[in-house]
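Data first, discussion second: the structure below is written as structure tokens.
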Amino acid sequence: MTQLEKIFEVSQVDSPPNVLRGILQTKNYHDFMIFSDIGDIIHTFTGSILANTCLPGDHVLFTDRCELELRHEHPLIVGTLELASKSTYGLTKRGHPMYLFTPYNASYPHFIVGCSEQDTSRNRIVVIKFGDWTSSFGTSGRFTYPRGLLERNIGISGEYQAEYKALIWQACPYYYPEYPYEIKRKDTLRQIVEGYTFNIDPEGCKDIDDVFTFKKLEEGWLITITISDVASYVEDGSAIDIMASLIGQTLYDQGMIIKPMLPQAYQNECSLSPLKTSYGISMQFVWNKQISDIKWFESIIENNRSFTYEEFQRNPIYPLQELASHLASKNIEDSHSIVNLEDSHLWVEQMMLFYNKEAGKLLKQSKMGILRRHSAPDQERLEKYRTHMPEFEYFAYSAAEYCLAEESSHHYGLNTDAYAHASSPIRRYADLVNQRVLKLLIQGSNDTYYVPLTMYDMKLREKAIKHFARDVDFLKAITSGTSFTGIIMDTIPKEDRIKVKVYVHEWKRMVSVYYKIVDGQILSRDQKTELDISLYRSVKIECAVIPNARNWKERIVIHIE
């Protein structure tokens, strides 16, 4: 029985006839989806009334509307407390006025939250906890707002530091409590890795996931890629494991850790730091102008030295450049082409790609774990960008996504059916899941491993991390000026208006601006000037600020000058 069949069988146990059972999800609290436990959409509906006070992530039963079956504790929610509107919604038991709260995450509805703040001239960014939501109707015939409990006041809306902290909370609303952790390591039979071992990472890196070991043979080299065996420290289903699954992956800004996936004590213990004995999952092979004799094993390793990329670039000991160039040459379609990589960052990248591809093959064969898939680009858009703006052709590609190993998993960008995240288990939960599968396969176990969370949740966490990086760049840009340069990348007619998509390099993002069409002409916001919206034209972007808008994105009104 496959994982899909097993989970479907379990999810249908005791379900009443003609009743759907699943997990409620939405992006805007208006258009809803109900997912199975493995992340397949089994029903869609429109209208918050039919959600019946259920929230995203709730387990529901659905006939003609949702009925709450199970509600786990919701994460803390960051958003805007609308004090400046002066509108209140009754009083708390302590006599404090309640105000409307608008979450930054649009998948949640508005809340009402009590606050004792005296200064109501400006909105506040706050973090709340879900309180309760009774099923009574308001005077408008719609459900009343859920209650939220004020957890912390981050700052005044519009101030940079407050908005930056809000982005962190939005990207990762979970955190570990601060207390001494008792770290236990699960021992298994291990092989000692022989040779000279080193890592190449940015200066000051503390969470070292991977090391390379080179040992000279009579002919060629014995090379080992070792990844920290985090699965030996983080027990499957433990409190630490559950929190790591919720966080999804470590949050960085400019290379600095903002919120780690694992507590600091676990990072220190799992890191393959120099001059200490560590546990690893190793892939070993012989390199003699070609790769042969690949084998996997659980290992014991001691890292001899840590290099920065710049240090290793200046003194490239061992044939890492030659091997990485060989791997890169194998990846391109023309098998006769020879690639010579000269950047140490690319050498490490090729080694990690090799490890992850080989891991993906094992997972695909076993039909366990999590793979990455990537669809082919939009050919019409790709040709358009290649012809006019070749530096932006990546906009024709969709992002790669997670999928179960037993599903269709072709990765267009890497031209493989089996690619897995397996090389960063300290900082990414998918890698930790896959490492558990690899350990079972290495040990020759007949056990079946079931992925403990849905692919929908995995994708949500990944998107949150990506959005954080883009939003921080955007926030920094709009706090430093109001005039920017963009390039018109697309125009999409919509009835009596047109959607103009503009890429702004300083923001590292595409934005959409809407204009009215009057008698076939595209007019400016004041409808006095005709706009030239020719594709791939450079345009000047002007930003206006609405101080009391609900969040910083809505505060920025963009138009083409």
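By convention here, the chains of the structure tokens are called A, B, ... in the order presented, each chain's residues are numbered starting at 1, and ligands are numbered starting at 1 in the order presented.
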Tell me, as a PyMOL selection string, which residues lie within 10 Å of Gln527 of chain A, counting only C-alpha atoms; anything in the same chain fewer than 4 positions away does not count.
chain A and resi 515-518+521-523+531
Those selected residues, please, written with N, CA and C atoms and delivered as a short mmCIF file (atom, residue, chain, number, x, y, z; two decimals), in the first residue's frame.
```
data_model
loop_
_atom_site.label_atom_id
_atom_site.label_comp_id
_atom_site.auth_asym_id
_atom_site.auth_seq_id
_atom_site.Cartn_x
_atom_site.Cartn_y
_atom_site.Cartn_z
N TYR A 515 -4.92 51.01 -14.94
CA TYR A 515 -5.34 52.28 -15.54
C TYR A 515 -6.62 52.08 -16.34
N LYS A 516 -7.42 53.14 -16.41
CA LYS A 516 -8.68 53.08 -17.16
C LYS A 516 -8.43 53.22 -18.66
N ILE A 517 -9.31 52.55 -19.42
CA ILE A 517 -9.31 52.68 -20.88
C ILE A 517 -10.53 53.49 -21.27
N VAL A 518 -10.31 54.64 -21.86
CA VAL A 518 -11.40 55.53 -22.28
C VAL A 518 -11.25 55.81 -23.77
N GLN A 521 -8.06 54.78 -25.31
CA GLN A 521 -6.84 55.38 -24.80
C GLN A 521 -6.58 54.95 -23.36
N ILE A 522 -5.30 54.74 -23.02
CA ILE A 522 -4.89 54.43 -21.64
C ILE A 522 -4.60 55.75 -20.95
N LEU A 523 -5.39 56.07 -19.93
CA LEU A 523 -5.27 57.37 -19.30
C LEU A 523 -4.64 57.28 -17.92
N LEU A 531 -1.15 57.56 -21.55
CA LEU A 531 0.09 56.90 -21.16
C LEU A 531 0.62 56.02 -22.28
#
```
Let's see if you can do this: from backbone DSSP, list all strand (DSSP E) residues in segment 386-437 of chain A, as a PyMOL selection string.
chain A and resi 401-404
Find the residues around segment 471-473 of chain A up to 12 Å (only C-alpha atoms counted), leave out those fewer than 3 positions away in its own chain, and share them as a PyMOL selection string.
chain A and resi 160-161+163-168+170-171+252-254+463-468+476-480+504-510+552-553
Writing out the chosen residues with C-alpha atoms as an mmCIF file, in the first residue's frame:
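The result, stored in part_6.cif:
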```cif
data_model
loop_
_atom_site.group_PDB
_atom_site.id
_atom_site.type_symbol
_atom_site.label_atom_id
_atom_site.label_comp_id
_atom_site.auth_asym_id
_atom_site.auth_seq_id
_atom_site.Cartn_x
_atom_site.Cartn_y
_atom_site.Cartn_z
ATOM 1 C CA TYR A 160 10.710 51.082 9.600
ATOM 2 C CA GLN A 161 11.772 49.018 12.638
ATOM 3 C CA GLU A 163 7.405 47.159 9.894
ATOM 4 C CA TYR A 164 10.599 45.081 9.716
ATOM 5 C CA LYS A 165 9.700 43.192 12.901
ATOM 6 C CA ALA A 166 6.210 42.639 11.500
ATOM 7 C CA LEU A 167 7.699 41.017 8.392
ATOM 8 C CA ILE A 168 9.644 38.613 10.610
ATOM 9 C CA GLN A 170 4.583 37.239 9.264
ATOM 10 C CA ALA A 171 7.278 34.985 7.792
ATOM 11 C CA TYR A 252 17.865 34.669 7.147
ATOM 12 C CA ASP A 253 18.453 38.314 6.312
ATOM 13 C CA GLN A 254 21.721 39.296 4.630
ATOM 14 C CA LYS A 463 6.670 30.854 0.026
ATOM 15 C CA ALA A 464 6.669 32.728 3.345
ATOM 16 C CA ILE A 465 10.470 32.627 3.448
ATOM 17 C CA LYS A 466 10.764 33.830 -0.162
ATOM 18 C CA HIS A 467 8.232 36.611 0.396
ATOM 19 C CA PHE A 468 10.179 37.788 3.443
ATOM 20 C CA LYS A 476 14.105 49.237 2.481
ATOM 21 C CA ALA A 477 13.578 50.790 -0.938
ATOM 22 C CA ILE A 478 10.343 52.645 -0.198
ATOM 23 C CA THR A 479 11.719 54.092 3.040
ATOM 24 C CA SER A 480 14.645 55.631 1.135
ATOM 25 C CA VAL A 504 11.374 47.487 -10.471
ATOM 26 C CA HIS A 505 15.000 46.454 -10.057
ATOM 27 C CA GLU A 506 15.534 48.247 -6.729
ATOM 28 C CA TRP A 507 12.553 46.378 -5.255
ATOM 29 C CA LYS A 508 13.527 43.050 -6.879
ATOM 30 C CA ARG A 509 9.902 42.453 -7.683
ATOM 31 C CA MET A 510 7.170 42.786 -10.268
ATOM 32 C CA TRP A 552 2.573 48.940 4.608
ATOM 33 C CA LYS A 553 1.880 47.415 1.180
#
```
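For segment 14-71 of chain A, backbone-based DSSP assignment of alpha helix (DSSP H) covers Ser48, Ile49, Leu50 and Ala51 of chain A.
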Selected residue, from A:Leu76, A:Leu150, A:Ile541, A:Ala239, that lies nearest to His96 of chain A when counting only C-alpha atoms:
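Looking at the shortest contact to His96 of chain A, the residue is A:Leu150.
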Near-Phe62 of chain A list (12 Å; only C-alpha atoms; drop same-chain fewer than 3 positions) as a ChimeraX atom specification:
/A:15-24,32-35,42-45,50-52,54,58-59,65-69
